[in-house]
Amino acid sequence: MEDNRIAIVTEAGNGLGKSFANILYRHKYNVIIAASSESFAIMNQDRVLSQKFKLINVDLKSVEELSELKSYVDSKYGHLDVLVNNAEIANGFGQKIDQIILDDVKELYEINFFSVLKMIQLFKPLLEKSQLPRIINITSAMGSISKMEDNNFCYTDYCMTAYATSKAALDMYTHLQRKEFKTSKIKINNFDPILPQNCSYNSVKLCGSVEDQFLSLIYGEKEWGL
Ligand SMILES: NC(=O)c1ccc[n+]([C@@H]2O[C@H](COP(=O)([O-])OP(=O)(O)OC[C@H]3O[C@@H](n4cnc5c(N)ncnc54)[C@H](OP(=O)(O)O)[C@@H]3O)[C@@H](O)[C@H]2O)c1
């Protein structure tokens with residue numbers, strides 16, 4: 001693997017994306033964090049973060065800003081090694097059908113699902129120029145019907161309809177996209193960063209073997225997730 005390893009993590013604030021960025025940083029990747037305006041401002045004020053990572057202000061809803069991000073990576077590096085689609089919206093707890101606000105659902109899908117498709121469409125040509133191209137779509141077991149039917153699973157009673165269905169869609173998309181990439185160097189996987197035994201609402205720490213599993217998606221041949 002060349003020294004000039006490039007990774008993009010879609011993330012802002014202090015969530016798990018920062019943990020993924022730190023792992024990649026420790027493994028000698030140049031990490032670009034694509035963060036939206038408010039969180040971008042918070043991270044940009046953090047000197048440690050802004051020295052470690054290249055922070056780029058990107059609203060994932062903006063086709064123009066995504067194109068600018070691609071142009072930046074293309075002109076500066078000419079390739080991309082790792083794309084971590086991590087950004088999320090999680091709205092609507094305990095929603096019943098009469099409570100669902102469709103515009104909220106659409107907004108969530110715009111980030112949790114459509115922006116992932118856009119990122120992959122946009123960066124596929126640059127990933128194809130990498131020696132070890134990887135796409136990791138961060139998902140949640142809340143999108144898994146079998147998990148949600150398991151009474152031992154801590155989120156089984158949660159009904160975050162928009163969030164859970166968007167992650168189910170993301171999982172199926174990842175599965176189907178893998179078929180197209182079968183003959184290419186690009187490996188695509190989904191990844192749930194929370195271990196079931198550590199499951200608690202809004203964990204923002206990666207526990208136990210999670211880091212090793214994440215790294216195995218980059219370096220190993222084993223495919224996790226689906
Ligand atoms: N935390 C958990 O317990 C857990 C469990 C299982 C899976 N996951 C998955 O892990 C990933 C990270 O979760 P997290 O809890 O760390 O999330 P988080 O703290 O909510 O971070 C997600 C970030 O996405 C950003 N985002 C939203 N809309 C955006 C836009 N239009 N453009 C650019 N960025 C945007 C948000 O930025 P703003 O702050 O600016 O809105 C937010 O900071 C997610 O995919 C989630 O589904 C999390």
# chains A, B, ... in the order shown; residues from 1 in each chain; ligands from 1

$ select_by_dssp --residues "region 105-151 of chain A" --states "helix (DSSP H, G or I)" --output "ChimeraX atom specification"
/A:105-127,141-143,145-148

$ residues_near_ligand --ligand "ligand 1" --cutoff "9 Å" --atoms "only C-alpha atoms and all ligand atoms" --output "ChimeraX atom specification"
/A:10-19,34-40,57-62,85-90,107-108,110-112,115,137-142,163-164,167,191-195,199-205

$ residues_around --residues "Lys54 (chain A)" --least-positions-apart "5" --cutoff "7 Å" --atoms "only C-alpha atoms" --output "MDAnalysis selection string"
chainID A and resid 31:33

$ write_last_selection --atoms "C-alpha atoms" --output "compact mmCIF listing (two decimals), in the first residue's frame"
# COMPACT_ATOMS: atom_id res chain seq x y z
CA VAL A 31 -8.40 11.70 6.59
CA ILE A 32 -10.84 14.18 5.14
CA ILE A 33 -13.86 14.81 7.32

$ closest_residue --among "A:Asp212, A:Ile42, A:His79, A:Ser50" --to "Lys129 (chain A)" --atoms "only C-alpha atoms"
A:His79

$ closest_residue --among "A:Gln95, A:Thr174, A:Gln121, A:Thr161" --to "Asn189 (chain A)" --atoms "only C-alpha atoms"
A:Thr174

$ atom_distance --atom1 "CA of Glu211 (chain A)" --atom2 "CA of Cys159 (chain A)"
28.2 Å

$ select_by_dssp --residues "region 8-160 of chain A" --states "strand (DSSP E)" --output "PyMOL selection string"
chain A and resi 8-10+29-35+54-57+82-85+134-138

$ write_last_selection --atoms "C-alpha atoms" --output "short mmCIF file (atom, residue, chain, number, x, y, z; two decimals), in the first residue's frame"
data_model
loop_
_atom_site.label_atom_id
_atom_site.label_comp_id
_atom_site.auth_asym_id
_atom_site.auth_seq_id
_atom_site.Cartn_x
_atom_site.Cartn_y
_atom_site.Cartn_z
CA ILE A 8 -13.15 10.35 3.60
CA VAL A 9 -15.46 10.09 6.59
CA THR A 10 -18.83 11.80 6.42
CA TYR A 29 -4.45 7.64 6.23
CA ASN A 30 -4.88 11.27 5.30
CA VAL A 31 -8.40 11.70 6.59
CA ILE A 32 -10.84 14.18 5.14
CA ILE A 33 -13.86 14.81 7.32
CA ALA A 34 -16.83 16.03 5.32
CA ALA A 35 -18.87 17.88 7.89
CA LYS A 54 -8.63 17.95 6.63
CA LEU A 55 -12.02 19.40 7.50
CA ILE A 56 -14.23 20.27 4.59
CA ASN A 57 -17.56 21.99 4.94
CA VAL A 82 -11.52 4.53 1.89
CA LEU A 83 -14.98 6.05 1.98
CA VAL A 84 -16.86 5.82 5.27
CA ASN A 85 -20.50 6.84 4.89
CA ARG A 134 -13.00 0.23 0.44
CA ILE A 135 -16.48 1.57 1.08
CA ILE A 136 -17.95 1.18 4.56
CA ASN A 137 -21.59 2.11 5.06
CA ILE A 138 -22.33 2.62 8.73
#

$ closest_residue --among "A:Lys185, A:His27, A:Arg5, A:Lys106" --to "Asp81 (chain A)" --atoms "only C-alpha atoms"
A:Arg5

$ decode --residues "region 101-120 of chain A" --atoms "N, CA and C atoms" --output "short mmCIF file (atom, residue, chain, number, x, y, z; two decimals), in the first residue's frame"
data_model
loop_
_atom_site.label_atom_id
_atom_site.label_comp_id
_atom_site.auth_asym_id
_atom_site.auth_seq_id
_atom_site.Cartn_x
_atom_site.Cartn_y
_atom_site.Cartn_z
N ILE A 101 -44.37 12.60 10.16
CA ILE A 101 -44.37 13.79 9.29
C ILE A 101 -43.52 13.43 8.08
N LEU A 102 -44.16 13.35 6.94
CA LEU A 102 -43.47 12.81 5.76
C LEU A 102 -42.23 13.61 5.39
N ASP A 103 -42.29 14.92 5.59
CA ASP A 103 -41.12 15.73 5.24
C ASP A 103 -39.91 15.35 6.11
N ASP A 104 -40.18 14.98 7.36
CA ASP A 104 -39.07 14.54 8.24
C ASP A 104 -38.48 13.23 7.73
N VAL A 105 -39.36 12.36 7.28
CA VAL A 105 -38.89 11.06 6.77
C VAL A 105 -38.02 11.29 5.53
N LYS A 106 -38.51 12.19 4.65
CA LYS A 106 -37.77 12.45 3.41
C LYS A 106 -36.41 13.08 3.72
N GLU A 107 -36.40 13.97 4.70
CA GLU A 107 -35.13 14.63 5.06
C GLU A 107 -34.14 13.58 5.58
N LEU A 108 -34.65 12.67 6.40
CA LEU A 108 -33.77 11.63 6.95
C LEU A 108 -33.23 10.73 5.82
N TYR A 109 -34.13 10.34 4.92
CA TYR A 109 -33.68 9.48 3.81
C TYR A 109 -32.65 10.19 2.94
N GLU A 110 -32.78 11.51 2.85
CA GLU A 110 -31.84 12.27 2.04
C GLU A 110 -30.40 12.05 2.53
N ILE A 111 -30.23 11.99 3.85
CA ILE A 111 -28.89 11.79 4.41
C ILE A 111 -28.57 10.30 4.55
N ASN A 112 -29.47 9.56 5.19
CA ASN A 112 -29.14 8.16 5.55
C ASN A 112 -29.07 7.24 4.34
N PHE A 113 -29.74 7.62 3.26
CA PHE A 113 -29.77 6.72 2.11
C PHE A 113 -29.29 7.41 0.82
N PHE A 114 -29.97 8.48 0.42
CA PHE A 114 -29.65 9.06 -0.89
C PHE A 114 -28.24 9.65 -0.93
N SER A 115 -27.81 10.24 0.17
CA SER A 115 -26.46 10.84 0.13
C SER A 115 -25.40 9.75 -0.01
N VAL A 116 -25.69 8.55 0.51
CA VAL A 116 -24.73 7.44 0.36
C VAL A 116 -24.63 7.05 -1.11
N LEU A 117 -25.78 6.95 -1.77
CA LEU A 117 -25.76 6.64 -3.21
C LEU A 117 -24.98 7.71 -3.97
N LYS A 118 -25.24 8.97 -3.61
CA LYS A 118 -24.56 10.08 -4.31
C LYS A 118 -23.05 10.00 -4.10
N MET A 119 -22.64 9.75 -2.87
CA MET A 119 -21.20 9.68 -2.57
C MET A 119 -20.55 8.56 -3.37
N ILE A 120 -21.21 7.43 -3.46
CA ILE A 120 -20.60 6.29 -4.16
C ILE A 120 -20.56 6.53 -5.66
#
